[in-house]
Amino acid sequence: MDGLTAAEQREFQGVVEKRQMREFMQMYSNLVQRCFDDCVNDFTSKTMNAKEEGCISKCVDKWLKGSERMGQRFAEQNAAMMQGGGPLGGAR
Amino acid sequence: MDGLTAAEQREFQGVVEKRQMREFMQMYSNLVQRCFDDCVNDFTSKTMNAKEEGCISKCVDKWLKGSERMGQRFAEQNAAMMQGGGPLGGAR
Amino acid sequence: MDGLTAAEQREFQGVVEKRQMREFMQMYSNLVQRCFDDCVNDFTSKTMNAKEEGCISKCVDKWLKGSERMGQRFAEQNAAMMQGGGPLGGAR
Amino acid sequence: MSMFGFGGVNQGPTSAQKIAAAEAELEMVTDMFNRLTHSCFKKCVPREYREPDLNKGESVCLDRCVAKFFEVNVKVSEQMQNQAATRQGGTPGTGGMFGM
Amino acid sequence: MSMFGFGGVNQGPTSAQKIAAAEAELEMVTDMFNRLTHSCFKKCVPREYREPDLNKGESVCLDRCVAKFFEVNVKVSEQMQNQAATRQGGTPGTGGMFGM
Amino acid sequence: MSMFGFGGVNQGPTSAQKIAAAEAELEMVTDMFNRLTHSCFKKCVPREYREPDLNKGESVCLDRCVAKFFEVNVKVSEQMQNQAATRQGGTPGTGGMFGM
């Protein structure tokens, strides 16, 4: 963040960390609901069958890997946006 | 909530009550939108026909009863989780 | 807002303005995501084709015009509700 | 300014309480508007977006959709107030009952 | 009261910290309940709403759906704790990595 | 740090204002990332989840999807700035116009 003094940077860092904890919780709850909706559709029993368990595990893996990859692409685009001076007012 | 003194319990109770009011508002707004989306699809007139009115009323009933039933199952699962010491870090 | 003194009105006005800025940001982010979901489905290249660009532009126009029209109808219904004394407790 | 008869803010509330209540009501109206525009746009405007302007059918549909959303809002509010009376007390499924 | 072993709130936290942690946990449980009711209602109750009461099938389905949602919650929590160990450090895709 | 040319925070803002603006921008970027990952995962990764890793097609699709989301974000921002100029003043459909 350009334009912040050292003290302001430290304070902002505290804000970012608190926010990251909330973001992680939000991502975790989204992930549980998304994989539940996609993988669990058989209510003839109240415990998961093998197919559902496998689906949940792969859904979580795919999401974590996909989210990581998109995070890298996002950072690259964001950096390019900041240098290139594109008109994305909000992200500068 | 284990580990809270009497004074802390009282303060926390205040937090819970304020939150419950907001939760109720949120649940009410969700219910209006959900039943509207499911029941109202005919825009040849600007007032509801009998079929739509019946659908809205049953949708609200089904939701309140379903939500109550799930609340009971949720409380049972939550309690079992707390005794059983299952690894759901967040809910303890 | 009936019942507020002049000073309270001014303070409330400040609240409304801050909230409007946030609402505008929220509406903008919703619009980007809605038009992206509706218009962009071809990932054989990493830039938009002509059809997608046209779709995005018309999607934004339709949304802004539709949102404006619904805002007018909403204000009329809201005003009627306040005079007519309908039982919509929340909106009075 | 009381909602569903809850919370007696009428006995001489402080400025802060009056402004908080006004803000809560604005939040409620804004939330309702956001939900209404989302639902009615989806029901009345097909996703092909053939032209930039709203055509006749879309415009009339949006007008009627707003009116019907208000009607549903009133119906649900009445239904819950009757049921809350018969259940004498809080609504099921709120925070309090999670074995906390 | 620690979640996923994060944040050592055990070394004599202040009242404010203890209440904040209790509120964070209530938020987490309420959020889970809201998501669970949304998903299970959609999976177990068809939208035709033929009668106002829950029929046998819908009731049994809701009971099992709640149980399975808890099971998935535990499985995902375990899977992420194992993976967090192997990745030694923060989870990818959080705020910090947007080139900020 | 001004967004869409609003709010002149450049005339010697206080620390609190500078940090609030930085936090608002972080909120905006995080919100955009959350929406982008939601939309692109749904468009690029089929729900059968046959194997735990991303296959070639899914990976290339996600890369291109991120790029196109940014492109749309820029296009919409430009379109609204042009229209805001022609409408000289607030954007329709915001809080202010609910007969309040």
# chains A, B, ... in the order shown; residues from 1 in each chain; ligands from 1
$ interface_residues --of "chain C" --to "chain F" --cutoff "7 Å" --atoms "only C-alpha atoms" --output "ChimeraX atom specification"
/C:1,20,23-24,32-33,36-37,43,45-48,67-68,71,74-75,78-79
$ interface_residues --of "chain A" --to "chain B" --cutoff "12 Å" --atoms "only C-alpha atoms" --output "VMD selection string"
chain A and resid 25 28 to 29
$ interface_residues --of "chain E" --to "chain D" --cutoff "8 Å" --atoms "only C-alpha atoms" --output "PyMOL selection string"
chain E and resi 26+29-30
$ write_last_selection --atoms "N, CA, C and O atoms" --output "mmCIF file, in the first residue's frame"
data_model
loop_
_atom_site.group_PDB
_atom_site.id
_atom_site.type_symbol
_atom_site.label_atom_id
_atom_site.label_comp_id
_atom_site.auth_asym_id
_atom_site.auth_seq_id
_atom_site.Cartn_x
_atom_site.Cartn_y
_atom_site.Cartn_z
ATOM 1 N N LEU E 26 -20.006 -18.440 18.070
ATOM 2 C CA LEU E 26 -21.462 -18.379 17.826
ATOM 3 C C LEU E 26 -21.717 -18.034 16.363
ATOM 4 O O LEU E 26 -22.567 -18.625 15.694
ATOM 5 N N VAL E 29 -21.127 -21.157 14.277
ATOM 6 C CA VAL E 29 -22.195 -22.159 14.434
ATOM 7 C C VAL E 29 -23.468 -21.672 13.734
ATOM 8 O O VAL E 29 -24.140 -22.438 13.031
ATOM 9 N N THR E 30 -23.774 -20.364 13.871
ATOM 10 C CA THR E 30 -24.978 -19.816 13.228
ATOM 11 C C THR E 30 -24.829 -19.871 11.709
ATOM 12 O O THR E 30 -25.773 -20.238 10.998
#
$ atom_distance --atom1 "CA of Arg19 (chain A)" --atom2 "CA of Ala16 (chain F)"
17.2 Å
$ calpha_fit_and_write --fixed "chain C" --moving "chain B" --output "tab-separated table (two decimals) with C-alpha atoms, in the first residue's frame"
chain	number	residue	atom	x	y	z
B	1	MET	CA	-37.54	9.52	8.88
B	2	ASP	CA	-40.23	10.92	11.17
B	3	GLY	CA	-39.41	11.60	14.83
B	4	LEU	CA	-35.77	12.73	14.28
B	5	THR	CA	-34.63	16.18	15.38
B	6	ALA	CA	-32.70	18.36	12.89
B	7	ALA	CA	-29.37	17.35	14.46
B	8	GLU	CA	-30.34	13.68	14.36
B	9	GLN	CA	-31.43	14.06	10.71
B	10	ARG	CA	-27.99	15.46	9.82
B	11	GLU	CA	-26.20	12.64	11.59
B	12	PHE	CA	-28.48	10.08	9.93
B	13	GLN	CA	-27.77	11.74	6.54
B	14	GLY	CA	-24.07	11.02	7.12
B	15	VAL	CA	-24.87	7.39	7.83
B	16	VAL	CA	-26.97	7.17	4.65
B	17	GLU	CA	-24.22	8.65	2.49
B	18	LYS	CA	-21.55	6.26	3.78
B	19	ARG	CA	-23.96	3.36	3.25
B	20	GLN	CA	-24.77	4.50	-0.30
B	21	MET	CA	-21.08	4.38	-1.22
B	22	ARG	CA	-20.91	0.79	0.01
B	23	GLU	CA	-24.20	-0.11	-1.75
B	24	PHE	CA	-22.79	1.31	-5.01
B	25	MET	CA	-19.65	-0.83	-4.65
B	26	GLN	CA	-21.78	-3.89	-3.88
B	27	MET	CA	-24.07	-3.23	-6.88
B	28	TYR	CA	-21.00	-2.74	-9.13
B	29	SER	CA	-19.39	-6.05	-8.01
B	30	ASN	CA	-22.71	-7.89	-8.43
B	31	LEU	CA	-23.11	-6.44	-11.91
B	32	VAL	CA	-19.60	-7.52	-13.01
B	33	GLN	CA	-20.19	-11.08	-11.75
B	34	ARG	CA	-23.74	-11.35	-13.14
B	35	CYS	CA	-22.79	-10.19	-16.66
B	36	PHE	CA	-19.58	-12.29	-16.59
B	37	ASP	CA	-21.59	-15.41	-15.66
B	38	ASP	CA	-24.25	-14.73	-18.31
B	39	CYS	CA	-21.98	-13.63	-21.18
B	40	VAL	CA	-18.55	-15.29	-20.87
B	41	ASN	CA	-18.49	-19.05	-21.48
B	42	ASP	CA	-15.83	-19.59	-24.16
B	43	PHE	CA	-12.36	-20.23	-22.74
B	44	THR	CA	-10.60	-21.19	-25.97
B	45	SER	CA	-8.87	-17.78	-25.76
B	46	LYS	CA	-8.00	-15.42	-22.89
B	47	THR	CA	-9.57	-12.32	-24.37
B	48	MET	CA	-13.24	-11.60	-25.08
B	49	ASN	CA	-14.63	-12.12	-28.61
B	50	ALA	CA	-17.00	-9.57	-30.24
B	51	LYS	CA	-20.14	-11.50	-29.23
B	52	GLU	CA	-19.08	-11.53	-25.56
B	53	GLU	CA	-18.19	-7.81	-25.58
B	54	GLY	CA	-21.59	-6.94	-27.05
B	55	CYS	CA	-23.34	-9.13	-24.50
B	56	ILE	CA	-21.50	-7.49	-21.58
B	57	SER	CA	-22.36	-3.99	-22.78
B	58	LYS	CA	-26.08	-4.80	-23.26
B	59	CYS	CA	-26.20	-6.72	-19.95
B	60	VAL	CA	-24.87	-3.63	-18.12
B	61	ASP	CA	-27.33	-1.33	-19.94
B	62	LYS	CA	-30.33	-3.61	-19.28
B	63	TRP	CA	-29.38	-3.93	-15.61
B	64	LEU	CA	-28.92	-0.16	-15.05
B	65	LYS	CA	-32.22	0.64	-16.79
B	66	GLY	CA	-34.08	-2.21	-15.08
B	67	SER	CA	-32.67	-1.29	-11.69
B	68	GLU	CA	-33.68	2.36	-12.21
B	69	ARG	CA	-37.21	1.39	-13.22
B	70	MET	CA	-37.59	-0.98	-10.28
B	71	GLY	CA	-36.26	1.78	-8.00
B	72	GLN	CA	-39.09	4.05	-9.11
B	73	ARG	CA	-41.77	1.34	-8.65
B	74	PHE	CA	-40.21	0.48	-5.27
B	75	ALA	CA	-40.40	4.10	-4.11
B	76	GLU	CA	-44.06	4.30	-5.21
B	77	GLN	CA	-44.95	1.05	-3.40
B	78	ASN	CA	-43.02	2.18	-0.32
B	79	ALA	CA	-44.79	5.55	-0.24
B	80	ALA	CA	-48.20	3.90	-0.72
B	81	MET	CA	-47.34	1.49	2.09
B	82	MET	CA	-46.52	4.39	4.43
B	83	GLN	CA	-49.81	6.28	3.70
B	84	GLY	CA	-51.99	3.20	3.38
B	85	GLY	CA	-50.74	2.00	6.76
B	86	GLY	CA	-50.36	-1.54	5.39
B	87	PRO	CA	-49.11	-4.03	8.09
B	88	LEU	CA	-45.54	-4.10	6.75
B	89	GLY	CA	-44.17	-3.24	10.22
B	90	GLY	CA	-40.58	-3.18	9.04
B	91	ALA	CA	-40.93	-0.56	6.32
B	92	ARG	CA	-42.64	2.13	8.37
$ atom_distance --atom1 "CA of Pro52 (chain E)" --atom2 "CA of Phe41 (chain D)"
28.9 Å
$ atom_distance --atom1 "CA of Phe33 (chain E)" --atom2 "CA of Gln17 (chain E)"
24.2 Å
